[in-house]
Amino acid sequence: MKIIRQDSSAESRAPLQPNGIGLRGQSSLIDLVMGFFIFTLIIASVFSAVNKNEKDFSKNNEIAEIKHSSFFSLKELTETQGFPLNWEELNENDANRIGLIKRNQLDEDKLVAFSNMTYDKSKELLNLEGYDYFFILDGVDYITVGLAPASQPEYLFSTKRIVNYKGSEAEIELQVYTLWS
């Protein structure tokens, strides 16, 4: 039995089976699988790019927060007397803000009170909760307060200022950092 078709287009010239169905449908399954694979690859690439951008944004935001915290905390320490003004004479729980300046120079009593304060309380009063810090005074005396980074921190930002201390210039450095979690 011979089947005759009247359509003379190129597609209609495909060999026909005895039941009248052509072989052209066989490639549609392969096309479907390849299309699905390519679509999945594109979607995965888009999600990967979005995730990378989100991580970069998060990292930049974290760095900006550490910079701001470091600048603000060192400014409070070196430009204010703290609150109450005589906080160094009070119990550390009665202090609201730490400031080390008195009469335009670093006050030794305030510095001693700051260095004797518990680490957690000083972090709270410096608004550095969530970070660690290390304070260095390098001048007539060499004084450190806080925790020096024991290992390579994930983020570290260092801010420095020159202050008057005991009649001469001294450098204060405040390192604010986070450790790898």
# chains A, B, ... in the order shown; residues from 1 in each chain; ligands from 1
$ closest_atom_pairs --of "range 61-90 of chain A" --to "range 129-152 of chain A" --cutoff "12 Å" --atoms "only C-alpha atoms" --output "tab-separated table"
residue	atom	partner	partner_atom	distance
A:Glu62	CA	A:Tyr131	CA	10.8
A:Ile63	CA	A:Tyr131	CA	11.7
A:Glu65	CA	A:Tyr131	CA	10.2
A:Ile66	CA	A:Tyr131	CA	8.0
A:Lys67	CA	A:Tyr131	CA	11.4
A:Ser69	CA	A:Tyr131	CA	9.1
A:Ser70	CA	A:Tyr133	CA	8.8
A:Ser73	CA	A:Tyr133	CA	10.2
A:Leu74	CA	A:Phe135	CA	9.2
A:Leu77	CA	A:Phe135	CA	10.4
A:Thr78	CA	A:Leu137	CA	11.3
$ write_last_selection --atoms "N, CA and C atoms" --output "PDB file, in the first residue's frame"
ATOM      1  N   GLU A  62      28.365  46.441  55.704  1.00  0.00           N
ATOM      2  CA  GLU A  62      29.092  46.109  56.939  1.00  0.00           C
ATOM      3  C   GLU A  62      30.330  46.996  57.098  1.00  0.00           C
ATOM      4  N   ILE A  63      31.060  47.190  56.021  1.00  0.00           N
ATOM      5  CA  ILE A  63      32.254  48.050  56.064  1.00  0.00           C
ATOM      6  C   ILE A  63      31.857  49.485  56.408  1.00  0.00           C
ATOM      7  N   GLU A  65      29.253  50.457  58.105  1.00  0.00           N
ATOM      8  CA  GLU A  65      28.838  50.501  59.512  1.00  0.00           C
ATOM      9  C   GLU A  65      30.046  50.513  60.444  1.00  0.00           C
ATOM     10  N   ILE A  66      31.054  49.705  60.142  1.00  0.00           N
ATOM     11  CA  ILE A  66      32.256  49.677  60.986  1.00  0.00           C
ATOM     12  C   ILE A  66      32.974  51.027  60.930  1.00  0.00           C
ATOM     13  N   LYS A  67      33.100  51.606  59.737  1.00  0.00           N
ATOM     14  CA  LYS A  67      33.736  52.923  59.606  1.00  0.00           C
ATOM     15  C   LYS A  67      32.997  53.964  60.439  1.00  0.00           C
ATOM     16  N   SER A  69      30.976  53.515  63.003  1.00  0.00           N
ATOM     17  CA  SER A  69      31.116  53.232  64.435  1.00  0.00           C
ATOM     18  C   SER A  69      32.485  53.648  64.948  1.00  0.00           C
ATOM     19  N   SER A  70      33.514  53.378  64.175  1.00  0.00           N
ATOM     20  CA  SER A  70      34.869  53.737  64.583  1.00  0.00           C
ATOM     21  C   SER A  70      35.035  55.256  64.674  1.00  0.00           C
ATOM     22  N   SER A  73      32.782  56.661  67.638  1.00  0.00           N
ATOM     23  CA  SER A  73      33.293  56.311  68.965  1.00  0.00           C
ATOM     24  C   SER A  73      34.555  57.091  69.305  1.00  0.00           C
ATOM     25  N   LEU A  74      35.470  57.204  68.351  1.00  0.00           N
ATOM     26  CA  LEU A  74      36.695  57.960  68.626  1.00  0.00           C
ATOM     27  C   LEU A  74      36.388  59.450  68.803  1.00  0.00           C
ATOM     28  N   LEU A  77      35.152  59.857  72.314  1.00  0.00           N
ATOM     29  CA  LEU A  77      36.248  59.741  73.281  1.00  0.00           C
ATOM     30  C   LEU A  77      37.130  60.983  73.307  1.00  0.00           C
ATOM     31  N   THR A  78      37.404  61.544  72.151  1.00  0.00           N
ATOM     32  CA  THR A  78      38.413  62.612  72.065  1.00  0.00           C
ATOM     33  C   THR A  78      37.847  64.027  72.004  1.00  0.00           C
TER      34      THR A  78
END
$ select_by_dssp --residues "range 22-120 of chain A" --states "alpha helix (DSSP H)" --output "NGL selection string"
:A and (26-79 or 108-116 or 119-120)
$ atom_distance --atom1 "CA of Lys52 in chain A" --atom2 "CA of Val176 in chain A"
25.7 Å
$ closest_residue --among "A:Tyr165, A:Thr159, A:Leu41, A:Ala64" --to "Leu111 in chain A" --atoms "only C-alpha atoms"
A:Tyr165
$ closest_residue --among "A:Lys121, A:Lys75, A:Lys110, A:His68" --to "Glu92 in chain A" --atoms "only C-alpha atoms"
A:Lys121
$ atom_distance --atom1 "CA of Thr178 in chain A" --atom2 "CA of Ser48 in chain A"
26.3 Å
$ atom_distance --atom1 "CA of Leu125 in chain A" --atom2 "CA of Tyr177 in chain A"
16.6 Å
$ select_by_dssp --residues "range 19-136 of chain A" --states "strand (DSSP E)" --output "list in words"
Gly82, Phe83, Arg97, Ile98, Ile101, Lys102, Gln105, Leu106, Asp132, Tyr133, Phe134, Phe135 and Ile136 of chain A
